[in-house]
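S.K.: Structure provided below as structure tokens; questions to follow.
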Amino acid sequence: MRSIGLELEAVLDRCRSYEPLLRPGEAFSHTTAALLYGVPMPAGVRRADAAPTRAPELIEVTAAPGFTRARSAGVRGHVSAVPLPVAFHLGLPLIRPAVVWCQLATQIPITDLIAVGDAIITGSRRGVVREPALATPEELVVAVRRWGRRRGAKALATALPRVRSGAESRPESHLRLLLEDFGLPEPLPNHPTEVGGGEVLHPDLKYAHARLVLEYQGDHHRTDRRRWQADVRRRRAFELAGWRVVEVTADDLYIDPSGLIARVRGLLAEH
């Protein structure tokens, strides 16, 4: 039996266990596919390979036109009005990333929809090498156009113009959006920046004209000694190269951004 030895609470393993029950034309979709693709999702929606921390979420499966929706225990079934493109990822049939992005429009907030869009068209970076993106900006545009007036169309129309390539985490996308929403200029995400000695760093966000970079510091930056030491060296490198550095915490971003906005606005005005 395929379920033996699998952690069914983990999305990846539960999908592998359910795979033999998929009918022709069915594929994993919506939040399930997003997790399997590894894009950043809101709190409470775990990574596909994460250890179980609470009751398992439902697996989401979309059926091709003409089929009934899947009704198995632990599964939320959908039926598409039109044939949807399917790709194989991690050995499983998934709705393609650009269409999954459209499916998420009714399931997550706008800011997270934009963050997922950023991740889809960016691709993860390993050092100085960036892996291929899950989809191109043009594929997102085509997917939204084909989505038409279905549920989520308004959210997609709002989110699509604000999707940018370059963000490497959900908070980085949220920080960019926060700055823009407060009327500040749009910063560059993870733009290569020379800091001397041939070294090139990629600040989370930067205002090149003002020699200003913003670095998001999650809790792991504080609790991981090696990461903390690397952050100190990184900040020194920026400052020695003539860049001003603003470090941003979760409280700055999600609790009370007023101080952060005032500081960034002041530094830009000084320039």
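Ordering of the structure tokens sets the chain letters (A, B, ...); residue numbers start at 1 within each chain; ligands are numbered from 1 in the order shown.
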Could you give me, as a PDB file with N, CA, C and O atoms, in the first residue's frame, the residues within 10 Å of A:Ser173, counting only C-alpha atoms and dropping anything in the same chain fewer than 5 positions from it?
M.R.:
```pdb
ATOM      1  N   THR A 111      -2.347  41.142  -0.950  1.00  0.00           N
ATOM      2  CA  THR A 111      -0.903  41.262  -0.736  1.00  0.00           C
ATOM      3  C   THR A 111      -0.205  39.919  -0.891  1.00  0.00           C
ATOM      4  O   THR A 111       0.914  39.850  -1.426  1.00  0.00           O
ATOM      5  N   ASP A 112      -0.858  38.855  -0.441  1.00  0.00           N
ATOM      6  CA  ASP A 112      -0.255  37.532  -0.607  1.00  0.00           C
ATOM      7  C   ASP A 112      -0.368  37.044  -2.044  1.00  0.00           C
ATOM      8  O   ASP A 112       0.520  36.341  -2.542  1.00  0.00           O
ATOM      9  N   ILE A 114      -0.081  38.930  -4.608  1.00  0.00           N
ATOM     10  CA  ILE A 114       1.044  39.598  -5.280  1.00  0.00           C
ATOM     11  C   ILE A 114       2.357  38.914  -4.912  1.00  0.00           C
ATOM     12  O   ILE A 114       3.215  38.689  -5.779  1.00  0.00           O
ATOM     13  N   ALA A 115       2.519  38.568  -3.629  1.00  0.00           N
ATOM     14  CA  ALA A 115       3.752  37.904  -3.203  1.00  0.00           C
ATOM     15  C   ALA A 115       3.933  36.563  -3.910  1.00  0.00           C
ATOM     16  O   ALA A 115       5.048  36.205  -4.313  1.00  0.00           O
ATOM     17  N   VAL A 116       2.848  35.819  -4.073  1.00  0.00           N
ATOM     18  CA  VAL A 116       2.921  34.553  -4.811  1.00  0.00           C
ATOM     19  C   VAL A 116       3.273  34.813  -6.275  1.00  0.00           C
ATOM     20  O   VAL A 116       4.092  34.102  -6.868  1.00  0.00           O
ATOM     21  N   GLY A 117       2.669  35.841  -6.858  1.00  0.00           N
ATOM     22  CA  GLY A 117       3.014  36.199  -8.231  1.00  0.00           C
ATOM     23  C   GLY A 117       4.483  36.555  -8.373  1.00  0.00           C
ATOM     24  O   GLY A 117       5.152  36.139  -9.333  1.00  0.00           O
ATOM     25  N   ASP A 118       5.010  37.327  -7.404  1.00  0.00           N
ATOM     26  CA  ASP A 118       6.442  37.656  -7.413  1.00  0.00           C
ATOM     27  C   ASP A 118       7.283  36.386  -7.443  1.00  0.00           C
ATOM     28  O   ASP A 118       8.244  36.262  -8.214  1.00  0.00           O
ATOM     29  N   ALA A 119       6.939  35.443  -6.562  1.00  0.00           N
ATOM     30  CA  ALA A 119       7.720  34.207  -6.461  1.00  0.00           C
ATOM     31  C   ALA A 119       7.630  33.376  -7.734  1.00  0.00           C
ATOM     32  O   ALA A 119       8.619  32.781  -8.170  1.00  0.00           O
ATOM     33  N   ARG A 162       1.020  44.824 -10.172  1.00  0.00           N
ATOM     34  CA  ARG A 162       1.949  45.070  -9.072  1.00  0.00           C
ATOM     35  C   ARG A 162       2.933  43.916  -8.855  1.00  0.00           C
ATOM     36  O   ARG A 162       3.774  43.986  -7.964  1.00  0.00           O
ATOM     37  N   VAL A 163       2.825  42.874  -9.641  1.00  0.00           N
ATOM     38  CA  VAL A 163       3.751  41.754  -9.541  1.00  0.00           C
ATOM     39  C   VAL A 163       5.102  42.160 -10.130  1.00  0.00           C
ATOM     40  O   VAL A 163       5.168  42.772 -11.195  1.00  0.00           O
ATOM     41  N   ARG A 164       6.175  41.822  -9.407  1.00  0.00           N
ATOM     42  CA  ARG A 164       7.524  42.162  -9.850  1.00  0.00           C
ATOM     43  C   ARG A 164       8.450  40.965  -9.675  1.00  0.00           C
ATOM     44  O   ARG A 164       8.336  40.208  -8.709  1.00  0.00           O
ATOM     45  N   SER A 165       9.399  40.847 -10.561  1.00  0.00           N
ATOM     46  CA  SER A 165      10.423  39.822 -10.425  1.00  0.00           C
ATOM     47  C   SER A 165      11.503  40.306  -9.467  1.00  0.00           C
ATOM     48  O   SER A 165      11.840  41.491  -9.453  1.00  0.00           O
ATOM     49  N   GLY A 166      12.033  39.395  -8.652  1.00  0.00           N
ATOM     50  CA  GLY A 166      13.166  39.737  -7.796  1.00  0.00           C
ATOM     51  C   GLY A 166      12.989  39.412  -6.334  1.00  0.00           C
ATOM     52  O   GLY A 166      13.961  39.105  -5.645  1.00  0.00           O
ATOM     53  N   ALA A 167      11.776  39.473  -5.812  1.00  0.00           N
ATOM     54  CA  ALA A 167      11.567  39.209  -4.389  1.00  0.00           C
ATOM     55  C   ALA A 167      11.883  37.754  -4.060  1.00  0.00           C
ATOM     56  O   ALA A 167      11.532  36.853  -4.815  1.00  0.00           O
ATOM     57  N   GLU A 168      12.529  37.542  -2.919  1.00  0.00           N
ATOM     58  CA  GLU A 168      12.915  36.190  -2.538  1.00  0.00           C
ATOM     59  C   GLU A 168      12.231  35.711  -1.271  1.00  0.00           C
ATOM     60  O   GLU A 168      12.595  34.671  -0.723  1.00  0.00           O
ATOM     61  N   LEU A 178       4.147  47.843   0.945  1.00  0.00           N
ATOM     62  CA  LEU A 178       3.915  48.811   2.011  1.00  0.00           C
ATOM     63  C   LEU A 178       4.490  50.175   1.641  1.00  0.00           C
ATOM     64  O   LEU A 178       3.820  51.212   1.790  1.00  0.00           O
ATOM     65  N   PRO A 189      13.923  45.275  -6.084  1.00  0.00           N
ATOM     66  CA  PRO A 189      14.093  44.079  -5.253  1.00  0.00           C
ATOM     67  C   PRO A 189      15.305  43.248  -5.667  1.00  0.00           C
ATOM     68  O   PRO A 189      15.479  42.913  -6.834  1.00  0.00           O
ATOM     69  N   ASP A 204      17.638  43.296  -0.069  1.00  0.00           N
ATOM     70  CA  ASP A 204      16.226  42.967  -0.222  1.00  0.00           C
ATOM     71  C   ASP A 204      15.526  44.002  -1.095  1.00  0.00           C
ATOM     72  O   ASP A 204      14.794  43.658  -2.027  1.00  0.00           O
ATOM     73  N   LEU A 205      15.729  45.270  -0.768  1.00  0.00           N
ATOM     74  CA  LEU A 205      15.176  46.370  -1.563  1.00  0.00           C
ATOM     75  C   LEU A 205      16.201  47.496  -1.577  1.00  0.00           C
ATOM     76  O   LEU A 205      16.934  47.691  -0.598  1.00  0.00           O
TER      77      LEU A 205
END
```
S.K.: Residues within 10 Å of stretch 182-188 of chain A, please, as a VMD selection string. Count only C-alpha atoms; anything in the same chain fewer than 4 positions from it doesn't count.
M.R.: chain A and resid 164 to 167 175 to 178 192 203 to 208 212 to 214 257 to 258 261 to 262 264 to 265 268
S.K.: Taking the chain letters and numbering used in this document, name the residues of stretch 60-262 of chain A that DSSP puts in strand (DSSP E), as JSON, numbers by chain.
M.R.: {"A": [60, 61, 62, 63, 75, 76, 77, 78, 79, 86, 87, 88, 89, 92, 93, 94, 95, 125, 126, 129, 130, 188, 189, 193, 194, 200, 201, 205, 206, 207, 212, 213, 214, 215, 216, 244, 245, 246, 247, 248]}
S.K.: With N, CA and C atoms kept, could you save the residues just selected as a tab-separated table (two decimals), in the first residue's frame?
M.R.:
```tsv
chain	number	residue	atom	x	y	z
A	60	GLU	N	-6.61	19.82	-2.46
A	60	GLU	CA	-7.48	20.39	-3.49
A	60	GLU	C	-7.16	19.78	-4.85
A	61	VAL	N	-8.21	19.33	-5.51
A	61	VAL	CA	-8.09	18.66	-6.79
A	61	VAL	C	-9.10	19.27	-7.76
A	62	THR	N	-8.65	19.57	-8.95
A	62	THR	CA	-9.54	20.10	-9.99
A	62	THR	C	-9.74	19.06	-11.08
A	63	ALA	N	-11.01	18.83	-11.42
A	63	ALA	CA	-11.36	17.88	-12.47
A	63	ALA	C	-11.58	18.60	-13.79
A	75	VAL	N	-10.49	15.70	0.86
A	75	VAL	CA	-10.26	16.30	-0.45
A	75	VAL	C	-11.33	17.35	-0.73
A	76	ARG	N	-10.91	18.49	-1.22
A	76	ARG	CA	-11.85	19.50	-1.70
A	76	ARG	C	-11.80	19.47	-3.23
A	77	GLY	N	-12.90	19.10	-3.84
A	77	GLY	CA	-12.93	18.95	-5.28
A	77	GLY	C	-13.43	20.19	-5.99
A	78	HIS	N	-12.90	20.44	-7.16
A	78	HIS	CA	-13.32	21.53	-8.03
A	78	HIS	C	-13.52	20.95	-9.43
A	79	VAL	N	-14.34	21.61	-10.22
A	79	VAL	CA	-14.50	21.25	-11.63
A	79	VAL	C	-14.26	22.49	-12.46
A	86	VAL	N	-1.79	21.16	-17.47
A	86	VAL	CA	-1.24	20.37	-16.37
A	86	VAL	C	0.25	20.17	-16.60
A	87	ALA	N	1.02	20.26	-15.51
A	87	ALA	CA	2.45	19.98	-15.55
A	87	ALA	C	2.76	18.94	-14.48
A	88	PHE	N	3.87	18.22	-14.65
A	88	PHE	CA	4.29	17.27	-13.63
A	88	PHE	C	5.42	17.90	-12.81
A	89	HIS	N	5.21	17.91	-11.50
A	89	HIS	CA	6.19	18.50	-10.59
A	89	HIS	C	6.27	17.59	-9.37
A	92	LEU	N	4.12	14.57	-9.60
A	92	LEU	CA	2.67	14.65	-9.45
A	92	LEU	C	2.07	15.58	-10.50
A	93	PRO	N	0.84	15.29	-10.95
A	93	PRO	CA	0.19	16.19	-11.90
A	93	PRO	C	-0.38	17.42	-11.18
A	94	LEU	N	0.07	18.58	-11.58
A	94	LEU	CA	-0.37	19.85	-10.97
A	94	LEU	C	-0.87	20.77	-12.07
A	95	ILE	N	-1.88	21.56	-11.74
A	95	ILE	CA	-2.25	22.66	-12.64
A	95	ILE	C	-1.04	23.58	-12.77
A	125	ARG	N	17.02	31.72	-5.82
A	125	ARG	CA	18.44	31.96	-6.10
A	125	ARG	C	19.31	31.14	-5.17
A	126	ARG	N	20.29	30.48	-5.75
A	126	ARG	CA	21.29	29.73	-4.99
A	126	ARG	C	22.62	30.46	-5.14
A	129	VAL	N	23.46	32.20	-8.56
A	129	VAL	CA	22.75	31.53	-9.64
A	129	VAL	C	21.27	31.46	-9.31
A	130	ARG	N	20.44	31.89	-10.25
A	130	ARG	CA	19.00	31.84	-10.04
A	130	ARG	C	18.39	30.69	-10.85
A	188	LEU	N	13.90	48.77	-5.88
A	188	LEU	CA	14.33	47.63	-6.67
A	188	LEU	C	14.52	46.41	-5.76
A	189	PRO	N	13.92	45.27	-6.08
A	189	PRO	CA	14.09	44.08	-5.25
A	189	PRO	C	15.31	43.25	-5.67
A	193	THR	N	24.37	44.61	-6.38
A	193	THR	CA	24.97	45.85	-5.89
A	193	THR	C	26.43	45.59	-5.54
A	194	GLU	N	27.35	46.27	-6.20
A	194	GLU	CA	28.78	46.11	-5.92
A	194	GLU	C	29.13	46.84	-4.64
A	200	VAL	N	29.58	41.28	-4.91
A	200	VAL	CA	28.25	41.75	-5.31
A	200	VAL	C	27.23	41.18	-4.34
A	201	LEU	N	26.45	42.06	-3.71
A	201	LEU	CA	25.38	41.65	-2.81
A	201	LEU	C	24.04	42.00	-3.43
A	205	LEU	N	15.73	45.27	-0.77
A	205	LEU	CA	15.18	46.37	-1.56
A	205	LEU	C	16.20	47.50	-1.58
A	206	LYS	N	16.24	48.25	-2.65
A	206	LYS	CA	17.15	49.39	-2.67
A	206	LYS	C	16.60	50.54	-3.49
A	207	TYR	N	17.00	51.75	-3.05
A	207	TYR	CA	16.78	52.98	-3.79
A	207	TYR	C	18.15	53.43	-4.28
A	212	LEU	N	20.42	53.91	-0.71
A	212	LEU	CA	19.69	53.42	0.45
A	212	LEU	C	19.22	51.99	0.20
A	213	VAL	N	19.50	51.10	1.16
A	213	VAL	CA	19.01	49.72	1.04
A	213	VAL	C	18.19	49.38	2.28
A	214	LEU	N	17.21	48.51	2.08
A	214	LEU	CA	16.37	48.01	3.16
A	214	LEU	C	16.55	46.51	3.25
A	215	GLU	N	16.77	46.03	4.47
A	215	GLU	CA	17.00	44.62	4.71
A	215	GLU	C	15.98	44.12	5.73
A	216	TYR	N	15.19	43.11	5.34
A	216	TYR	CA	14.23	42.54	6.27
A	216	TYR	C	14.91	41.54	7.17
A	244	ARG	N	23.47	53.55	2.80
A	244	ARG	CA	22.79	53.61	4.08
A	244	ARG	C	21.87	52.39	4.19
A	245	VAL	N	21.79	51.82	5.38
A	245	VAL	CA	21.05	50.57	5.57
A	245	VAL	C	19.93	50.78	6.59
A	246	VAL	N	18.72	50.40	6.21
A	246	VAL	CA	17.59	50.39	7.12
A	246	VAL	C	17.18	48.94	7.33
A	247	GLU	N	17.28	48.48	8.58
A	247	GLU	CA	16.87	47.13	8.90
A	247	GLU	C	15.41	47.13	9.34
A	248	VAL	N	14.64	46.21	8.80
A	248	VAL	CA	13.19	46.17	9.01
A	248	VAL	C	12.82	44.90	9.75
```
S.K.: Could you check the closest approach to A:His30 for each of A:Ala210, A:Val11, A:Cys102, A:Leu253 and tell me which residue wins, using only C-alpha atoms?
M.R.: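 Ranked by minimum distance to A:His30, first place goes to A:Cys102.
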S.K.: Report the distance between atom CA of A:Ala64 and atom CA of A:Ala34 in Å, rounded to one decimal place.
M.R.: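 Going from atom CA of A:Ala64 over to atom CA of A:Ala34 covers 18.8 Å.
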S.K.: So which residues of stretch 71-235 of chain A fall under helix (DSSP H, G or I) by DSSP, listed as a ChimeraX atom specification?
M.R.: /A:97-106,110-122,137-147,153-162,170-181,208-210,219-223,225-235
S.K.: Find the spatial neighbours of A:Gly123, counting only C-alpha atoms, within a cut-off of 6 Å - ignore same-chain residues fewer than 4 positions away - and output them as a list of chain:residue names.
M.R.: A:Glu131, A:Pro132, A:Ala133
S.K.: Keeping only N, CA, C and O atoms, write those residues as a PDB file, in the first residue's frame.
M.R.:
```pdb
ATOM      1  N   GLU A 131      17.577  29.886 -10.178  1.00  0.00           N
ATOM      2  CA  GLU A 131      16.914  28.789 -10.855  1.00  0.00           C
ATOM      3  C   GLU A 131      15.802  29.330 -11.752  1.00  0.00           C
ATOM      4  O   GLU A 131      15.293  30.426 -11.529  1.00  0.00           O
ATOM      5  N   PRO A 132      15.408  28.564 -12.763  1.00  0.00           N
ATOM      6  CA  PRO A 132      14.358  29.044 -13.669  1.00  0.00           C
ATOM      7  C   PRO A 132      13.070  29.359 -12.926  1.00  0.00           C
ATOM      8  O   PRO A 132      12.691  28.668 -11.975  1.00  0.00           O
ATOM      9  N   ALA A 133      12.406  30.402 -13.371  1.00  0.00           N
ATOM     10  CA  ALA A 133      11.131  30.775 -12.771  1.00  0.00           C
ATOM     11  C   ALA A 133      10.072  29.746 -13.119  1.00  0.00           C
ATOM     12  O   ALA A 133      10.171  29.027 -14.124  1.00  0.00           O
TER      13      ALA A 133
END
```
S.K.: For stretch 153-160 of chain A, list every protein, DNA or RNA residue within 12 Å, evaluated using only C-alpha atoms, and leave out those in the same chain fewer than 3 positions away; present the list as a VMD selection string.
M.R.: chain A and resid 98 to 118 121 137 to 150 163 to 165 177
S.K.: Output C-alpha atoms for every residue in that selection, as a PDB file, in the first residue's frame.
M.R.:
```pdb
ATOM      1  CA  ALA A  98       0.189  30.691 -13.835  1.00  0.00           C
ATOM      2  CA  VAL A  99      -3.292  29.153 -13.627  1.00  0.00           C
ATOM      3  CA  VAL A 100      -2.790  28.170  -9.988  1.00  0.00           C
ATOM      4  CA  TRP A 101      -2.098  31.850  -9.341  1.00  0.00           C
ATOM      5  CA  CYS A 102      -5.503  32.676 -10.794  1.00  0.00           C
ATOM      6  CA  GLN A 103      -7.134  29.984  -8.654  1.00  0.00           C
ATOM      7  CA  LEU A 104      -5.648  31.546  -5.512  1.00  0.00           C
ATOM      8  CA  ALA A 105      -7.343  34.880  -6.181  1.00  0.00           C
ATOM      9  CA  THR A 106     -10.379  33.911  -4.087  1.00  0.00           C
ATOM     10  CA  GLN A 107      -8.394  32.161  -1.350  1.00  0.00           C
ATOM     11  CA  ILE A 108      -5.680  34.547  -0.128  1.00  0.00           C
ATOM     12  CA  PRO A 109      -5.427  38.329   0.459  1.00  0.00           C
ATOM     13  CA  ILE A 110      -4.303  40.652  -2.334  1.00  0.00           C
ATOM     14  CA  THR A 111      -0.903  41.262  -0.736  1.00  0.00           C
ATOM     15  CA  ASP A 112      -0.255  37.532  -0.607  1.00  0.00           C
ATOM     16  CA  LEU A 113      -1.555  37.063  -4.129  1.00  0.00           C
ATOM     17  CA  ILE A 114       1.044  39.598  -5.280  1.00  0.00           C
ATOM     18  CA  ALA A 115       3.752  37.904  -3.203  1.00  0.00           C
ATOM     19  CA  VAL A 116       2.921  34.553  -4.811  1.00  0.00           C
ATOM     20  CA  GLY A 117       3.014  36.199  -8.231  1.00  0.00           C
ATOM     21  CA  ASP A 118       6.442  37.656  -7.413  1.00  0.00           C
ATOM     22  CA  ILE A 121       8.048  34.815 -11.986  1.00  0.00           C
ATOM     23  CA  PRO A 137       5.244  37.515 -16.601  1.00  0.00           C
ATOM     24  CA  GLU A 138       3.712  36.975 -20.024  1.00  0.00           C
ATOM     25  CA  GLU A 139       2.275  33.633 -18.911  1.00  0.00           C
ATOM     26  CA  LEU A 140       0.607  35.346 -15.969  1.00  0.00           C
ATOM     27  CA  VAL A 141      -0.901  37.925 -18.326  1.00  0.00           C
ATOM     28  CA  VAL A 142      -2.221  35.197 -20.636  1.00  0.00           C
ATOM     29  CA  ALA A 143      -3.614  33.196 -17.715  1.00  0.00           C
ATOM     30  CA  VAL A 144      -5.463  36.228 -16.351  1.00  0.00           C
ATOM     31  CA  ARG A 145      -6.860  37.029 -19.775  1.00  0.00           C
ATOM     32  CA  ARG A 146      -8.130  33.473 -20.194  1.00  0.00           C
ATOM     33  CA  TRP A 147      -9.546  33.523 -16.675  1.00  0.00           C
ATOM     34  CA  GLY A 148     -12.021  36.089 -17.951  1.00  0.00           C
ATOM     35  CA  ARG A 149     -14.805  37.075 -15.578  1.00  0.00           C
ATOM     36  CA  ARG A 150     -14.660  34.060 -13.329  1.00  0.00           C
ATOM     37  CA  VAL A 163       3.751  41.754  -9.541  1.00  0.00           C
ATOM     38  CA  ARG A 164       7.524  42.162  -9.850  1.00  0.00           C
ATOM     39  CA  SER A 165      10.423  39.822 -10.425  1.00  0.00           C
ATOM     40  CA  LEU A 177       3.971  46.991  -1.332  1.00  0.00           C
TER      41      LEU A 177
END
```
S.K.: At what distance in Å, to one decimal, does atom CA of A:Gly197 lie from atom CA of A:Phe238?
M.R.: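 About the pair atom CA of A:Phe238 and atom CA of A:Gly197: they are 12.1 Å apart.
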S.K.: For A:Leu90, find every residue with an atom within 10 Å (counting only C-alpha atoms), except residues of its own chain fewer than 4 positions away, and show them as a PDB file with all heavy atoms, in the first residue's frame.
M.R.:
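As a result, around_36.pdb now contains:
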```
ATOM      1  N   LEU A  12       2.793  16.886   0.645  1.00  0.00           N
ATOM      2  CA  LEU A  12       3.423  16.104  -0.408  1.00  0.00           C
ATOM      3  C   LEU A  12       3.083  14.636  -0.281  1.00  0.00           C
ATOM      4  O   LEU A  12       2.694  13.977  -1.260  1.00  0.00           O
ATOM      5  CB  LEU A  12       4.939  16.305  -0.360  1.00  0.00           C
ATOM      6  CG  LEU A  12       5.761  15.518  -1.382  1.00  0.00           C
ATOM      7  CD1 LEU A  12       5.328  15.835  -2.799  1.00  0.00           C
ATOM      8  CD2 LEU A  12       7.249  15.814  -1.185  1.00  0.00           C
ATOM      9  N   ARG A  16       0.784  12.169  -2.720  1.00  0.00           N
ATOM     10  CA  ARG A  16       1.305  10.928  -3.297  1.00  0.00           C
ATOM     11  C   ARG A  16       0.406   9.746  -2.936  1.00  0.00           C
ATOM     12  O   ARG A  16       0.230   8.831  -3.738  1.00  0.00           O
ATOM     13  CB  ARG A  16       2.729  10.692  -2.799  1.00  0.00           C
ATOM     14  CG  ARG A  16       3.753  11.594  -3.474  1.00  0.00           C
ATOM     15  CD  ARG A  16       5.129  11.442  -2.882  1.00  0.00           C
ATOM     16  NE  ARG A  16       6.116  12.201  -3.656  1.00  0.00           N
ATOM     17  CZ  ARG A  16       7.321  12.516  -3.206  1.00  0.00           C
ATOM     18  NH1 ARG A  16       7.698  12.133  -1.998  1.00  0.00           N
ATOM     19  NH2 ARG A  16       8.149  13.222  -3.957  1.00  0.00           N
ATOM     20  N   LEU A  36       3.038  22.719  -3.244  1.00  0.00           N
ATOM     21  CA  LEU A  36       3.937  21.793  -3.924  1.00  0.00           C
ATOM     22  C   LEU A  36       4.940  22.532  -4.806  1.00  0.00           C
ATOM     23  O   LEU A  36       6.079  22.082  -4.960  1.00  0.00           O
ATOM     24  CB  LEU A  36       3.131  20.797  -4.754  1.00  0.00           C
ATOM     25  CG  LEU A  36       2.282  19.808  -3.949  1.00  0.00           C
ATOM     26  CD1 LEU A  36       1.363  19.008  -4.865  1.00  0.00           C
ATOM     27  CD2 LEU A  36       3.164  18.864  -3.132  1.00  0.00           C
ATOM     28  N   TYR A  37       4.546  23.670  -5.358  1.00  0.00           N
ATOM     29  CA  TYR A  37       5.479  24.474  -6.144  1.00  0.00           C
ATOM     30  C   TYR A  37       6.452  25.249  -5.251  1.00  0.00           C
ATOM     31  O   TYR A  37       7.447  25.787  -5.733  1.00  0.00           O
ATOM     32  CB  TYR A  37       4.725  25.466  -7.032  1.00  0.00           C
ATOM     33  CG  TYR A  37       4.138  24.850  -8.284  1.00  0.00           C
ATOM     34  CD1 TYR A  37       2.782  24.983  -8.581  1.00  0.00           C
ATOM     35  CD2 TYR A  37       4.935  24.151  -9.187  1.00  0.00           C
ATOM     36  CE1 TYR A  37       2.236  24.426  -9.742  1.00  0.00           C
ATOM     37  CE2 TYR A  37       4.405  23.595 -10.344  1.00  0.00           C
ATOM     38  CZ  TYR A  37       3.053  23.739 -10.616  1.00  0.00           C
ATOM     39  OH  TYR A  37       2.517  23.190 -11.759  1.00  0.00           O
ATOM     40  N   LEU A  94       0.070  18.584 -11.577  1.00  0.00           N
ATOM     41  CA  LEU A  94      -0.368  19.845 -10.975  1.00  0.00           C
ATOM     42  C   LEU A  94      -0.870  20.774 -12.070  1.00  0.00           C
ATOM     43  O   LEU A  94      -0.340  20.780 -13.194  1.00  0.00           O
ATOM     44  CB  LEU A  94       0.788  20.545 -10.257  1.00  0.00           C
ATOM     45  CG  LEU A  94       1.135  20.153  -8.818  1.00  0.00           C
ATOM     46  CD1 LEU A  94       1.541  18.695  -8.709  1.00  0.00           C
ATOM     47  CD2 LEU A  94       2.266  21.049  -8.315  1.00  0.00           C
TER      48      LEU A  94
END
```
S.K.: Identify which of the residues A:Gly242, A:Gly266, A:Pro85, A:Gly218 lies closest to A:Val195, counting only C-alpha atoms when measuring atom-to-atom distances.
M.R.: A:Gly242
S.K.: Please, what distance in Å, to one decimal, runs between atom CA of A:Leu58 and atom CA of A:Gly74?
M.R.: 4.9 Å
S.K.: With distances taken over only C-alpha atoms, which residue among A:Glu26, A:Asp224, A:Glu19, A:Glu199 lies nearest A:Ala241?
M.R.: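 Ranking A:Glu26, A:Asp224, A:Glu19, A:Glu199 by distance to A:Ala241, first place goes to A:Glu199.
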